[in-house]
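Colleague: Below is the file structure_8.txt, which contains compact mmCIF, C-alpha atoms.
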# COMPACT_ATOMS: atom_id res chain seq x y z
CA MET A 1 -35.91 -24.13 -4.67
CA ALA A 2 -32.55 -25.77 -5.36
CA ASP A 3 -30.87 -22.37 -5.68
CA GLN A 4 -32.46 -21.24 -2.43
CA ASN A 5 -31.25 -24.38 -0.63
CA GLN A 6 -27.77 -23.76 -2.04
CA GLU A 7 -27.80 -20.20 -0.68
CA ILE A 8 -28.94 -21.41 2.75
CA LEU A 9 -26.22 -24.07 2.82
CA PHE A 10 -23.62 -21.49 1.77
CA ALA A 11 -24.67 -19.08 4.54
CA LYS A 12 -24.60 -21.85 7.15
CA THR A 13 -21.21 -23.03 5.95
CA LEU A 14 -19.76 -19.54 6.23
CA GLU A 15 -21.05 -19.19 9.77
CA TYR A 16 -19.61 -22.58 10.67
CA VAL A 17 -16.22 -21.67 9.17
CA LYS A 18 -16.16 -18.34 11.00
CA GLN A 19 -16.88 -20.09 14.31
CA VAL A 20 -14.13 -22.66 13.70
CA ALA A 21 -11.68 -19.86 12.91
CA LYS A 22 -12.75 -17.95 16.00
CA ASP A 23 -11.99 -21.00 18.15
CA GLN A 24 -8.56 -21.20 16.46
CA SER A 25 -7.51 -17.59 17.09
CA GLY A 26 -8.69 -16.34 13.71
CA ILE A 27 -7.06 -19.03 11.56
CA ILE A 28 -8.51 -21.86 9.48
CA THR A 29 -6.73 -24.42 7.34
CA LYS A 30 -7.37 -25.13 3.66
CA ASP A 31 -8.20 -28.73 4.57
CA GLN A 32 -10.90 -27.51 6.95
CA LEU A 33 -12.29 -25.25 4.26
CA ASP A 34 -12.26 -28.02 1.68
CA VAL A 35 -14.20 -30.31 4.00
CA ALA A 36 -16.68 -27.61 4.98
CA PHE A 37 -17.39 -26.50 1.40
CA ALA A 38 -17.30 -29.95 -0.21
CA PRO A 39 -21.13 -30.26 -0.34
CA LEU A 40 -21.28 -27.03 -2.37
CA ASN A 41 -18.91 -28.30 -5.11
CA PHE A 42 -17.27 -24.90 -5.49
CA GLN A 43 -14.80 -24.24 -8.29
CA PRO A 44 -11.32 -22.84 -7.42
CA SER A 45 -12.41 -19.37 -8.56
CA GLN A 46 -15.36 -19.50 -6.19
CA MET A 47 -13.14 -20.58 -3.31
CA GLU A 48 -10.88 -17.61 -4.01
CA LEU A 49 -13.89 -15.37 -3.38
CA VAL A 50 -14.42 -17.21 -0.09
CA TYR A 51 -10.77 -16.58 0.85
CA ASP A 52 -11.20 -12.87 0.07
CA TYR A 53 -14.35 -12.73 2.19
CA LEU A 54 -12.63 -14.44 5.10
CA LYS A 55 -9.72 -12.04 4.94
CA LYS A 56 -12.12 -9.10 5.18
CA GLN A 57 -13.51 -10.80 8.29
CA HIS A 58 -9.92 -10.91 9.65
CA ILE A 59 -9.76 -14.68 9.24
CA GLY A 60 -6.49 -16.07 7.87
CA VAL A 61 -6.20 -19.22 5.77
CA GLU A 62 -3.26 -21.26 7.07
CA GLU A 63 -1.72 -18.19 8.74
CA ALA A 64 -3.00 -15.26 10.73
CA VAL A 65 -4.01 -12.05 8.98
CA ASP A 66 -1.90 -9.06 9.98
CA PRO A 67 -4.35 -6.97 12.07
CA GLU A 68 -2.44 -3.77 11.30
CA GLU A 69 -3.71 -3.98 7.70
CA PHE A 70 -7.08 -2.90 9.09
CA MET A 71 -5.86 -0.36 11.64
CA THR A 72 -5.36 3.38 11.22
CA SER A 73 -2.07 4.94 12.28
CA GLU A 74 -3.90 6.51 15.24
CA GLU A 75 -5.14 3.09 16.37
CA ILE A 76 -1.68 1.56 16.00
CA ASN A 77 -0.16 4.36 18.09
CA TYR A 78 -2.92 4.09 20.70
CA LEU A 79 -2.49 0.34 21.01
CA ASP A 80 1.31 0.58 21.23
CA THR A 81 1.06 3.19 24.00
CA TYR A 82 -1.56 1.16 25.86
CA LEU A 83 0.50 -2.04 25.72
CA LYS A 84 3.61 -0.20 26.90
CA GLU A 85 1.68 1.07 29.92
CA LEU A 86 0.66 -2.50 30.72
CA GLU A 87 4.30 -3.57 30.71
CA ALA A 88 4.55 -1.96 34.16
CA LEU A 89 2.41 -4.78 35.57
CA PRO A 90 4.35 -7.55 37.37
CA LYS A 91 5.35 -10.42 35.10
CA VAL A 92 4.12 -13.93 35.87
CA SER A 93 5.10 -17.34 34.55
CA ASP A 94 2.69 -19.83 33.00
CA GLY A 95 2.79 -21.81 36.22
CA GLU A 96 1.93 -18.77 38.32
CA THR A 97 -0.90 -17.87 35.96
CA GLU A 98 -2.34 -21.37 36.32
CA ALA A 99 -2.12 -21.17 40.12
CA ILE A 100 -3.81 -17.74 40.15
CA THR A 101 -6.51 -19.03 37.81
CA LEU A 102 -7.21 -21.99 40.09
CA SER A 103 -7.47 -19.67 43.10
CA ALA A 104 -9.86 -17.42 41.17
CA MET A 105 -11.94 -20.47 40.29
CA ALA A 106 -12.11 -21.23 44.01
CA GLY A 107 -13.54 -17.76 44.71
CA ASP A 108 -10.40 -15.96 45.92
CA LYS A 109 -11.12 -12.27 45.25
CA ALA A 110 -7.44 -11.25 45.31
CA ALA A 111 -6.75 -13.93 42.70
CA MET A 112 -9.65 -12.65 40.59
CA ALA A 113 -8.16 -9.16 40.65
CA ARG A 114 -4.71 -10.50 39.77
CA LEU A 115 -6.09 -12.65 36.95
CA THR A 116 -7.83 -9.57 35.55
CA GLU A 117 -4.47 -7.76 35.45
CA ILE A 118 -2.79 -10.73 33.78
CA PHE A 119 -5.43 -10.78 31.03
CA LEU A 120 -5.40 -7.04 30.25
CA PRO A 121 -2.70 -7.37 27.56
CA ARG A 122 -4.63 -10.32 26.10
CA VAL A 123 -7.73 -8.13 25.79
CA ALA A 124 -5.72 -5.57 23.82
CA GLU A 125 -4.31 -8.24 21.51
CA ILE A 126 -7.79 -9.65 20.91
CA ALA A 127 -9.04 -6.15 20.08
CA ARG A 128 -6.53 -6.08 17.21
CA LEU A 129 -8.46 -8.92 15.59
CA TYR A 130 -11.58 -6.75 15.40
CA ALA A 131 -9.94 -3.61 14.00
CA GLY A 132 -11.49 -2.06 10.92
CA GLN A 133 -15.03 -3.22 11.65
CA GLY A 134 -16.47 0.13 12.65
CA ALA A 135 -15.43 0.32 16.31
CA LEU A 136 -12.68 2.43 17.86
CA MET A 137 -9.77 0.46 19.32
CA GLU A 138 -10.17 2.04 22.76
CA ASP A 139 -13.87 1.15 22.80
CA LEU A 140 -13.15 -2.46 21.86
CA ILE A 141 -10.61 -2.68 24.66
CA GLY A 142 -13.08 -1.09 27.05
CA GLU A 143 -15.79 -3.62 26.18
CA GLY A 144 -13.30 -6.46 26.51
CA ASN A 145 -12.10 -5.25 29.89
CA VAL A 146 -15.66 -5.08 31.22
CA ALA A 147 -16.30 -8.64 30.02
CA LEU A 148 -13.03 -9.73 31.66
CA THR A 149 -13.91 -8.08 34.97
CA VAL A 150 -17.25 -9.89 35.05
CA GLY A 151 -15.82 -13.11 33.65
CA VAL A 152 -13.29 -13.70 36.44
CA THR A 153 -16.22 -13.94 38.87
CA MET A 154 -17.86 -16.71 36.81
CA LEU A 155 -15.16 -19.36 36.81
CA GLY A 156 -16.46 -21.50 39.67
CA ALA A 157 -18.09 -24.04 37.38
CA MET A 158 -14.90 -24.68 35.40
CA GLU A 159 -12.87 -27.83 36.12
CA HIS A 160 -9.45 -26.89 34.73
CA ALA A 161 -7.42 -23.69 34.54
CA ALA A 162 -7.10 -23.93 30.76
CA GLU A 163 -10.87 -24.26 30.47
CA ALA A 164 -11.38 -21.18 32.64
CA GLN A 165 -8.91 -19.15 30.61
CA GLY A 166 -10.59 -20.27 27.40
CA MET A 167 -13.91 -19.11 28.79
CA LEU A 168 -12.46 -15.67 29.54
CA VAL A 169 -11.17 -15.35 25.97
CA LYS A 170 -14.59 -16.32 24.60
CA LEU A 171 -16.37 -13.79 26.83
CA ILE A 172 -13.99 -11.06 25.70
CA MET A 173 -14.45 -11.89 22.02
CA ASP A 174 -18.23 -12.15 22.37
CA ALA A 175 -18.35 -8.73 24.05
CA MET A 176 -16.39 -7.12 21.22
CA GLU A 177 -18.53 -8.81 18.57
CA ASP A 178 -21.74 -7.73 20.31
CA TYR A 179 -20.46 -4.16 20.50
CA ILE A 180 -19.61 -4.11 16.80
CA SER A 181 -23.04 -5.57 15.98
CA SER A 182 -24.74 -2.87 18.05
CA LEU A 183 -22.81 -0.17 16.19
CA ASN A 184 -23.74 -1.66 12.83
CA GLY A 185 -27.36 -1.78 13.90
CA THR A 186 -27.23 1.89 14.89
CA HIS A 187 -25.61 2.73 11.55
CA ASP A 188 -28.34 0.89 9.66
CA GLU A 189 -31.08 2.66 11.60
CA ASN A 190 -29.44 6.06 11.05
CA GLN A 191 -29.22 5.31 7.34
CA LYS A 192 -32.94 4.47 7.22
CA ILE A 193 -33.76 7.78 8.93
CA ALA A 194 -31.53 9.69 6.50
CA ASP A 195 -33.18 7.95 3.55
CA ARG A 196 -36.65 8.94 4.77
CA ILE A 197 -35.63 12.56 5.24
CA ASN A 198 -33.92 12.70 1.84
CA LYS A 199 -36.94 11.19 0.11
CA VAL A 200 -39.28 13.83 1.50
CA ASN A 201 -36.73 16.60 0.93
CA ASP A 202 -36.20 15.63 -2.73
CA GLN A 203 -39.92 15.39 -3.48
CA ALA A 204 -40.55 18.70 -1.72
CA ARG A 205 -37.77 20.39 -3.71
CA GLU A 206 -39.14 19.18 -7.04
CA LEU A 207 -42.64 20.38 -6.24
CA SER A 208 -41.36 23.66 -4.80
CA GLU A 209 -39.35 24.37 -7.95
CA GLU A 210 -42.39 23.62 -10.07
CA LEU A 211 -44.68 25.92 -8.06
CA LEU A 212 -41.97 28.53 -7.34
CA ARG A 213 -42.85 28.58 -3.65
CA LYS A 214 -42.75 26.49 -0.53
CA VAL A 215 -45.34 23.73 -0.40
CA SER A 216 -47.60 22.42 2.33
CA VAL A 217 -47.60 18.92 3.78
CA GLU A 218 -51.00 18.31 2.21
CA GLU A 219 -49.82 19.38 -1.25
CA LEU A 220 -46.71 17.28 -1.09
CA SER A 221 -48.66 14.23 0.04
CA LYS A 222 -51.16 14.60 -2.80
CA GLU A 223 -48.49 15.04 -5.48
CA SER A 224 -45.88 12.54 -4.24
CA GLY A 225 -47.99 9.76 -2.78
CA ILE A 226 -46.06 9.98 0.51
CA THR A 227 -48.50 9.97 3.40
CA GLU A 228 -48.91 13.10 5.50
CA GLU A 229 -47.83 11.08 8.55
CA GLU A 230 -44.58 10.06 6.83
CA ILE A 231 -43.89 13.64 5.78
CA ARG A 232 -44.48 15.02 9.28
CA GLU A 233 -42.25 12.28 10.73
CA ALA A 234 -39.49 13.23 8.29
CA ILE A 235 -39.87 16.89 9.28
CA ARG A 236 -39.58 15.93 12.96
CA LEU A 237 -36.53 13.72 12.35
CA SER A 238 -34.82 16.49 10.40
CA GLY A 239 -35.31 18.94 13.24
CA ASN A 240 -37.89 20.87 11.19
CA LYS A 241 -35.25 21.73 8.60
CA ILE A 242 -36.71 20.73 5.22
CA PRO A 243 -36.47 24.11 3.51
CA TYR A 244 -39.02 23.50 0.76
CA LEU A 245 -41.91 22.93 3.15
CA GLU A 246 -44.08 25.59 4.76
CA GLY A 247 -43.23 26.18 8.38
CA SER A 248 -39.61 25.14 8.10
CA GLU A 249 -37.08 26.96 10.25
CA ASP A 250 -34.93 27.47 7.13
CA SER A 251 -36.93 30.31 5.67
Rewrite the structure of this file - the entire thing - as structure tokens.
Modeller:
Amino acid sequence: MADQNQEILFAKTLEYVKQVAKDQSGIITKDQLDVAFAPLNFQPSQMELVYDYLKKQHIGVEEAVDPEEFMTSEEINYLDTYLKELEALPKVSDGETEAITLSAMAGDKAAMARLTEIFLPRVAEIARLYAGQGALMEDLIGEGNVALTVGVTMLGAMEHAAEAQGMLVKLIMDAMEDYISSLNGTHDENQKIADRINKVNDQARELSEELLRKVSVEELSKESGITEEEIREAIRLSGNKIPYLEGSEDS
């Protein structure tokens, strides 16, 4: 039970640390880590493993991780081109941005549109933080831009411009994280399907080689212990292309 509690505490601590780093633009200090992990009594070698894990999550200790470490040359070129295109947008000062944000908070639609433009480069820079996690750079930017477009219409409840801008950043980051999570979920499901097909295919091949002919669903089920329903589902998922089974299209 003690080991299980330790694992639960470790998992919760990691999630807490990741959230703190997220709120600090992907950076966390060693002091913050020491405080967070103090209850776990980790040795220096164990903390080094934590540092490695955080780096893979694009979280820097004391200083930001270089996002380009996780980007392909194609992504770097795409992002450079995209940011150069955005340079054509009119430049605004911090004071002008604050004024536009306040107007957007008051419901001014023109200000909302202008604030969206101002934040487009920020979306692209945020996307860099999520490179190398299974999503294409252009898709991350697309998800962030959609969140931004919706977000500028939701600022009425904010009291200060800085608070409103912080909310937009959070919405953008959340959208990118949700998109990455959805892709990982799809990958996991596709892997499960592939595993089921491969299991049936391998068992069918072994029995087919033993009998020197294709085998029926009933025969395979009896010999392998896989239910007939599971076998037929695997056949369907494979597009009826398990060559060792009777009725396959691959004759």
Colleague: What is the distance, in Å and to one decimal place, between CA of Leu33 (chain A) and CA of Gln19 (chain A)?
Modeller: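 Distance between the two atoms: 12.2 Å.
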Colleague: Rank nothing, just name the residue among A:Arg114, A:Ile76, A:Phe70, A:Ile235 nearest to Pro90 (chain A), using all atoms listed in the file.
Modeller: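 Among the listed residues, the smallest separation from Pro90 (chain A) belongs to A:Arg114.
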Colleague: By how many Å are CA of Arg232 (chain A) and CA of Arg213 (chain A) apart?
Modeller: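 That distance, rounded to one decimal, is 18.8 Å.
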Colleague: Rank nothing, just name the residue among A:Gly26, A:Gly156, A:Gly107, A:Gly95 nearest to Met173 (chain A), using only C-alpha atoms.
Modeller: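 Closest to Met173 (chain A) of all the choices is A:Gly26.
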Colleague: Here is a test: counting all atoms listed in the file, which residue of A:Ala111, A:Ile27, A:Val152, A:Ile118 is nearest to Ile59 (chain A)?
Modeller: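 Residue with the minimum atom-to-atom distance to Ile59 (chain A): A:Ile27.
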Colleague: What lies within 9 Å of Thr101 (chain A) using all atoms listed in the file, ignoring chain neighbours under 6 positions off, as a short mmCIF file (atom, residue, chain, number, x, y, z; two decimals) with C-alpha atoms, in the frame of the given file?
Modeller:
data_model
loop_
_atom_site.label_atom_id
_atom_site.label_comp_id
_atom_site.auth_asym_id
_atom_site.auth_seq_id
_atom_site.Cartn_x
_atom_site.Cartn_y
_atom_site.Cartn_z
CA ALA A 111 -6.75 -13.93 42.70
CA MET A 112 -9.65 -12.65 40.59
CA ARG A 114 -4.71 -10.50 39.77
CA LEU A 115 -6.09 -12.65 36.95
CA VAL A 152 -13.29 -13.70 36.44
CA LEU A 155 -15.16 -19.36 36.81
CA HIS A 160 -9.45 -26.89 34.73
CA ALA A 161 -7.42 -23.69 34.54
CA ALA A 162 -7.10 -23.93 30.76
CA ALA A 164 -11.38 -21.18 32.64
CA GLN A 165 -8.91 -19.15 30.61
#
Colleague: Work out how far apart CA of Ile180 (chain A) and CA of Glu143 (chain A) are and give it in Å to one decimal.
Modeller: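 Computed distance, CA of Ile180 (chain A) to CA of Glu143 (chain A), equals 10.1 Å.
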Colleague: Taking (-7.7, 1.5, 19.3) in the file's coordinates, which residues come within 6 Å, counting only C-alpha atoms, written as a list in words?
Modeller: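 Residues with an atom close enough to that point: Glu75, Tyr78, Leu79, Leu136, Met137 and Glu138 of chain A.
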Colleague: Near Gln6 (chain A), within 12 Å and counting only C-alpha atoms, which residues show up once chain neighbours fewer than 5 positions away are dropped, as a count of residues only?
Modeller: 9
Colleague: Neighbouring residues of region 194-208 of chain A were defined as those with any atom within 7 Å, considering all atoms listed in the file; residues of the same chain fewer than 6 positions away were excluded. Please report them as an mmCIF file with C-alpha atoms, in the coordinates of the input.
Modeller:
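Wrote out.cif, looks like this:
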data_model
loop_
_atom_site.group_PDB
_atom_site.id
_atom_site.type_symbol
_atom_site.label_atom_id
_atom_site.label_comp_id
_atom_site.auth_asym_id
_atom_site.auth_seq_id
_atom_site.Cartn_x
_atom_site.Cartn_y
_atom_site.Cartn_z
ATOM 1 C CA LYS A 214 -42.750 26.490 -0.530
ATOM 2 C CA VAL A 215 -45.340 23.730 -0.400
ATOM 3 C CA LEU A 220 -46.710 17.280 -1.090
ATOM 4 C CA SER A 224 -45.880 12.540 -4.240
ATOM 5 C CA ILE A 231 -43.890 13.640 5.780
ATOM 6 C CA ALA A 234 -39.490 13.230 8.290
ATOM 7 C CA SER A 238 -34.820 16.490 10.400
ATOM 8 C CA ILE A 242 -36.710 20.730 5.220
ATOM 9 C CA TYR A 244 -39.020 23.500 0.760
ATOM 10 C CA LEU A 245 -41.910 22.930 3.150
#
